[in-house]
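So this block is data_5.tsv, TSV, C-alpha atoms:
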```tsv
chain	number	residue	atom	x	y	z
H	184	MET	CA	242.34	106.96	26.44
H	185	PHE	CA	240.03	108.69	28.94
H	186	LYS	CA	241.74	112.02	28.30
H	187	ASP	CA	241.21	111.68	24.56
H	188	ILE	CA	237.53	110.92	25.06
H	189	TYR	CA	237.14	113.95	27.30
H	190	PHE	CA	239.08	116.26	24.98
H	191	ARG	CA	237.08	115.10	21.96
H	192	TYR	CA	233.93	115.94	23.90
H	193	VAL	CA	235.31	119.41	24.72
H	194	MET	CA	236.24	119.97	21.07
H	195	ASN	CA	232.85	118.88	19.75
H	196	ARG	CA	231.01	121.02	22.29
H	197	ALA	CA	233.08	124.08	21.34
H	198	ALA	CA	232.54	123.33	17.64
H	199	ALA	CA	228.78	123.30	18.16
H	200	ARG	CA	228.82	126.67	19.93
H	201	LEU	CA	231.02	128.26	17.27
H	202	GLY	CA	228.98	126.84	14.43
H	203	ARG	CA	225.91	128.71	15.66
H	204	LEU	CA	227.68	132.09	15.40
H	205	GLY	CA	227.73	132.03	11.64
H	206	ASP	CA	230.64	134.30	10.68
H	207	ALA	CA	233.54	132.93	8.66
H	208	GLY	CA	236.08	132.85	11.50
H	209	ALA	CA	233.77	131.03	13.89
H	210	VAL	CA	232.73	128.55	11.22
H	211	GLY	CA	236.37	127.88	10.34
H	212	LEU	CA	237.28	127.19	13.96
H	213	SER	CA	234.21	125.01	14.35
H	214	ARG	CA	235.11	122.94	11.31
H	215	ALA	CA	238.74	122.47	12.40
H	216	LEU	CA	237.65	121.37	15.89
H	217	ARG	CA	235.01	118.95	14.64
H	218	GLN	CA	237.21	117.35	12.02
H	219	ALA	CA	240.10	116.91	14.45
H	220	ALA	CA	237.80	115.47	17.14
H	221	LEU	CA	236.26	113.02	14.69
H	222	GLY	CA	239.52	112.18	12.96
H	223	GLU	CA	238.22	113.45	9.63
H	224	PHE	CA	241.50	113.87	7.74
H	225	ASP	CA	241.92	113.40	4.02
H	226	GLY	CA	244.36	110.92	2.50
H	227	ALA	CA	247.20	113.40	2.07
H	228	GLU	CA	246.84	114.61	5.66
H	229	ARG	CA	246.83	111.05	6.96
H	230	ASP	CA	249.98	110.30	4.99
H	231	TRP	CA	251.80	113.21	6.62
H	232	MET	CA	250.45	112.31	10.04
H	233	GLY	CA	251.68	108.74	9.67
H	234	ARG	CA	255.18	109.90	8.74
H	235	ILE	CA	255.31	112.33	11.65
H	236	GLU	CA	253.97	109.79	14.12
H	237	LEU	CA	256.68	107.35	13.04
H	238	ILE	CA	259.26	109.97	14.05
H	239	ARG	CA	257.41	110.53	17.32
H	240	SER	CA	257.55	106.80	18.09
H	241	GLU	CA	261.28	106.74	17.45
H	242	LEU	CA	261.83	109.77	19.68
H	243	GLU	CA	259.71	108.31	22.48
H	244	GLY	CA	261.79	105.15	22.38
H	245	SER	CA	265.12	106.97	22.44
H	246	GLY	CA	267.33	106.61	25.51
H	247	ALA	CA	269.78	109.24	24.30
H	248	PHE	CA	270.50	112.14	26.63
H	249	VAL	CA	269.93	115.76	25.71
H	250	GLY	CA	270.74	119.00	27.52
H	251	GLN	CA	268.07	121.56	28.35
H	252	PRO	CA	268.98	125.04	29.62
H	253	ASP	CA	267.41	125.88	32.97
H	254	TRP	CA	266.78	129.61	32.97
H	255	GLY	CA	265.09	129.60	36.39
H	256	ALA	CA	261.43	129.63	37.31
H	257	SER	CA	261.02	133.42	37.34
H	258	SER	CA	263.51	134.35	34.63
H	259	LEU	CA	262.64	135.70	31.21
H	260	GLY	CA	265.76	134.06	29.90
H	261	GLY	CA	268.46	136.47	31.00
H	262	GLY	CA	271.72	135.44	32.59
H	263	ALA	CA	273.69	132.24	32.28
H	264	PRO	CA	271.51	129.12	32.53
H	265	GLY	CA	272.31	125.84	34.11
H	266	VAL	CA	271.74	122.69	32.08
H	267	ILE	CA	269.36	119.85	32.91
H	268	THR	CA	270.14	116.48	31.33
H	269	ARG	CA	267.09	114.52	30.19
H	270	ARG	CA	266.35	111.52	28.00
H	271	VAL	CA	264.96	112.30	24.55
H	272	GLY	CA	262.12	109.82	25.07
H	273	GLU	CA	261.01	111.48	28.29
H	274	VAL	CA	261.14	114.93	26.67
H	275	CYS	CA	259.01	113.76	23.75
H	276	ARG	CA	256.42	112.03	25.94
H	277	SER	CA	256.06	114.92	28.37
H	278	ALA	CA	256.46	118.00	26.17
H	279	SER	CA	255.36	117.19	22.60
H	280	LYS	CA	251.70	117.78	21.74
H	281	PRO	CA	249.72	114.50	21.55
H	282	ARG	CA	248.41	113.36	18.18
H	283	LEU	CA	244.87	114.64	18.87
H	284	TRP	CA	245.99	118.22	19.47
H	285	ALA	CA	248.73	118.14	16.84
H	286	GLY	CA	246.07	117.05	14.36
H	287	PHE	CA	243.94	120.00	15.43
H	288	LEU	CA	246.86	122.36	14.70
H	289	LEU	CA	247.18	120.81	11.25
H	290	ARG	CA	243.46	121.33	10.64
H	291	LEU	CA	243.70	124.96	11.78
H	292	VAL	CA	246.49	125.60	9.30
H	293	ARG	CA	244.57	123.85	6.54
H	294	GLU	CA	241.36	125.72	7.33
H	295	PHE	CA	242.72	129.26	7.66
H	296	ARG	CA	245.55	129.02	5.10
H	297	PRO	CA	247.96	131.36	6.94
H	298	ALA	CA	251.01	132.80	5.20
H	299	GLY	CA	253.08	134.04	8.15
H	300	CYS	CA	253.21	131.48	10.98
H	301	LEU	CA	254.98	131.62	14.32
H	302	GLU	CA	255.59	129.09	17.07
H	303	LEU	CA	257.13	129.70	20.48
H	304	GLY	CA	258.47	126.41	21.80
H	305	THR	CA	259.76	124.03	19.12
H	306	CYS	CA	260.81	121.28	21.54
H	307	LEU	CA	261.69	118.29	19.28
H	308	GLY	CA	259.60	119.60	16.39
H	309	ILE	CA	256.47	117.42	16.47
H	310	SER	CA	253.88	120.22	16.46
H	311	ALA	CA	255.96	122.21	13.97
H	312	CYS	CA	256.00	119.17	11.68
H	313	TYR	CA	252.21	119.05	11.76
H	314	GLU	CA	251.90	122.79	11.13
H	315	SER	CA	254.50	122.75	8.35
H	316	ALA	CA	252.83	119.75	6.73
H	317	GLY	CA	249.58	121.73	6.68
H	318	LEU	CA	251.35	124.63	5.00
H	319	ARG	CA	252.88	122.25	2.46
H	320	LEU	CA	249.47	120.81	1.64
H	321	ASN	CA	248.07	124.33	1.31
H	322	GLY	CA	250.84	125.24	-1.12
H	323	LEU	CA	251.69	128.44	0.73
H	324	GLY	CA	253.05	129.87	3.98
H	325	ARG	CA	256.14	129.56	6.12
H	326	LEU	CA	256.72	128.85	9.81
H	327	VAL	CA	259.31	130.37	12.11
H	328	THR	CA	259.61	128.38	15.34
H	329	LEU	CA	261.59	129.46	18.41
H	330	GLU	CA	263.43	127.12	20.78
H	331	GLY	CA	265.54	128.00	23.80
H	332	ALA	CA	267.40	124.67	23.97
H	333	PRO	CA	270.02	124.31	21.20
H	334	GLU	CA	270.08	120.51	21.44
H	335	PHE	CA	266.29	120.33	21.11
H	336	ALA	CA	266.46	122.67	18.13
H	337	GLU	CA	269.04	120.49	16.40
H	338	ILE	CA	266.85	117.39	16.77
H	339	ALA	CA	263.90	119.35	15.37
H	340	ARG	CA	265.94	120.48	12.36
H	341	LYS	CA	266.89	116.88	11.62
H	342	ASN	CA	263.24	115.87	11.78
H	343	PHE	CA	262.24	118.66	9.37
H	344	CYS	CA	265.01	117.63	6.99
H	345	ARG	CA	264.01	113.99	7.19
H	346	LEU	CA	260.47	114.89	6.17
H	347	GLY	CA	261.58	117.32	3.48
H	348	LEU	CA	259.90	120.26	5.21
H	349	ASP	CA	261.76	123.29	3.89
H	350	ASN	CA	259.08	125.82	4.81
H	351	VAL	CA	260.07	125.91	8.51
H	352	GLU	CA	262.94	127.72	10.20
H	353	VAL	CA	264.16	127.19	13.76
H	354	VAL	CA	265.52	130.20	15.62
H	355	THR	CA	267.46	129.26	18.76
H	356	GLY	CA	267.70	131.30	21.94
H	357	PRO	CA	265.60	132.80	24.73
H	358	PHE	CA	262.26	134.06	23.47
H	359	GLN	CA	262.80	137.62	24.64
H	360	GLU	CA	265.87	137.73	22.37
H	361	THR	CA	264.49	135.86	19.37
H	362	LEU	CA	260.84	136.90	19.13
H	363	ASP	CA	261.57	140.32	17.65
H	364	VAL	CA	263.90	138.69	15.11
H	365	ALA	CA	261.22	136.20	14.12
H	366	LEU	CA	258.56	138.90	13.78
H	367	ASP	CA	260.89	140.97	11.62
H	368	ARG	CA	261.44	137.99	9.33
H	369	LEU	CA	257.74	137.21	9.04
H	370	GLY	CA	256.56	140.79	8.71
H	371	ARG	CA	252.96	139.96	9.51
H	372	VAL	CA	251.45	137.08	11.50
H	373	ASP	CA	248.44	135.05	10.42
H	374	TYR	CA	248.88	132.18	12.87
H	375	ALA	CA	250.77	131.79	16.15
H	376	PHE	CA	251.14	128.90	18.58
H	377	ILE	CA	252.51	130.06	21.96
H	378	ASP	CA	253.77	126.85	23.55
H	379	GLY	CA	256.59	127.75	25.88
H	380	HIS	CA	257.49	129.74	29.01
H	381	HIS	CA	254.11	129.12	30.60
H	382	GLN	CA	254.00	132.04	32.99
H	383	GLU	CA	251.65	134.99	33.18
H	384	LYS	CA	253.97	137.94	32.61
H	385	PRO	CA	256.02	136.58	29.69
H	386	THR	CA	252.92	135.11	28.03
H	387	LEU	CA	251.27	138.53	28.03
H	388	GLU	CA	254.46	140.17	26.79
H	389	TYR	CA	254.66	137.75	23.88
H	390	PHE	CA	250.97	138.26	23.13
H	391	GLY	CA	251.47	142.02	23.04
H	392	LYS	CA	254.29	141.77	20.52
H	393	ILE	CA	252.51	139.23	18.34
H	394	ARG	CA	249.20	141.08	18.16
H	395	ALA	CA	251.05	144.23	17.08
H	396	CYS	CA	252.07	142.28	13.96
H	397	ALA	CA	248.88	140.26	13.53
H	398	ASN	CA	246.80	140.50	10.38
H	399	PRO	CA	243.01	140.75	10.69
H	400	GLY	CA	241.65	137.27	11.30
H	401	ALA	CA	244.91	135.88	12.70
H	402	VAL	CA	244.51	132.66	14.69
H	403	LEU	CA	246.30	132.66	18.07
H	404	VAL	CA	246.73	129.43	20.04
H	405	PHE	CA	247.94	129.33	23.65
H	406	ASP	CA	249.09	126.15	25.36
H	407	ASP	CA	248.53	125.19	29.01
H	408	ILE	CA	246.06	127.98	29.76
H	409	ASN	CA	244.86	126.14	32.88
H	410	TRP	CA	248.30	124.99	34.01
H	411	SER	CA	248.55	127.54	36.87
H	412	ASP	CA	246.70	130.47	38.39
H	413	GLY	CA	249.06	132.78	36.51
H	414	MET	CA	248.26	131.16	33.16
H	415	LYS	CA	244.54	131.32	33.95
H	416	ARG	CA	244.92	135.06	34.57
H	417	ALA	CA	246.96	135.46	31.38
H	418	TRP	CA	244.25	133.73	29.33
H	419	LYS	CA	241.55	135.89	30.93
H	420	THR	CA	243.55	139.00	30.03
H	421	VAL	CA	244.01	137.78	26.46
H	422	THR	CA	240.32	137.04	25.97
H	423	SER	CA	239.27	140.41	27.35
H	424	SER	CA	241.72	142.33	25.17
H	425	ARG	CA	240.38	144.61	22.47
H	426	GLY	CA	240.21	142.91	19.09
H	427	VAL	CA	240.13	139.33	20.39
H	428	ASN	CA	237.16	137.33	19.10
H	429	HIS	CA	235.83	133.81	19.42
H	430	ALA	CA	238.07	132.87	22.35
H	431	MET	CA	237.62	129.20	23.16
H	432	ASN	CA	238.89	127.50	26.33
H	433	LEU	CA	239.62	123.91	25.30
H	434	HIS	CA	240.98	122.97	28.73
H	435	THR	CA	244.57	122.42	27.62
H	436	LEU	CA	244.61	124.92	24.73
H	437	GLY	CA	243.09	128.35	24.26
H	438	VAL	CA	242.25	129.49	20.75
H	439	CYS	CA	241.11	132.89	19.55
H	440	ILE	CA	240.84	134.99	16.42
H	441	TYR	CA	242.43	138.42	16.59
H	442	GLY	CA	241.32	141.57	14.83
H	443	ASN	CA	238.40	140.14	12.86
H	444	GLY	CA	235.53	142.50	13.56
```

Can you turn what I pasted into structure tokens?
Amino acid sequence: MFKDIYFRYVMNRAAARLGRLGDAGAVGLSRALRQAALGEFDGAERDWMGRIELIRSELEGSGAFVGQPDWGASSLGGGAPGVITRRVGEVCRSASKPRLWAGFLLRLVREFRPAGCLELGTCLGISACYESAGLRLNGLGRLVTLEGAPEFAEIARKNFCRLGLDNVEVVTGPFQETLDVALDRLGRVDYAFIDGHHQEKPTLEYFGKIRACANPGAVLVFDDINWSDGMKRAWKTVTSSRGVNHAMNLHTLGVCIYGNG
């Protein structure tokens, strides 16, 4: 509860700063932040959120075991991984984005109406469900989401199927093998959520590839930007990169608009 209060304060404060800038991108980010912080969702959005949160509750209560490849702390995904066995409930509670931030992702998608959407780190599919629901409500766009753990990916696919979300595709494998494939399929990127492999070097490598395919005004979201010194450096590099505008440090997430001005 305390975290939610703090994060809502951070979101509202960022929304106020952005709102004063006046250009369309800043105003769009401001509106998405404010509406998510205040819980201002319309009836259709609330319906989707309720359906997704029901799935989250079931996942959090699951005692089933699932295998997760362990590629090693410094690996980019090469070589043969070991496998860590975890409970589905623990994975969902620790790795899926909480409702507050998932709702913010939905509002971003609704606000900016992206066509080509990318996610790195599907996990069990909760954030992708929110993003895909936003695309469905917009009536346009598709999401390609990447997941390194085949068993996680299979659970996510079942969740998408259960919700009737046919505008999302899961690509399984290490990011350095699947990102180029995903970018080729999308062609151009209007929205990206980088939520996996939270290390400085790979994060910057993924950013470099994504921005090469980003349309003007693309929204880029980075998870866990304050998780480590390396991620703090990565976020600083991203925000100082040419073409990056309106970079907002939201403590747990970093959001910026690329190539808009």

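What separates CA of Arg425 (chain H) from CA of Phe190 (chain H) is a distance of 28.5 Å.
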
What does the structure give for the distance between CA of Val427 (chain H) and CA of Asn398 (chain H), in Å to one decimal?
12.1 Å

State, in Å with one decimal place, the distance from CA of Gly322 (chain H) to CA of Gly391 (chain H).
29.4 Å

Shortest interatomic distance to Lys341 (chain H) - which of H:Cys300, H:Ala220, H:Leu242, H:Phe358, counting all atoms listed in the file:
H:Leu242

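Nearest residue to Asn195 (chain H), choosing from H:Gly356, H:Gly222, H:Gly331, H:Gly437 and counting all atoms listed in the file: H:Gly222.
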
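Proximity ranking of H:Ala397, H:Leu289, H:Ile188, H:Leu369 relative to Ile309 (chain H) places H:Leu289 first, based on all atoms listed in the file.
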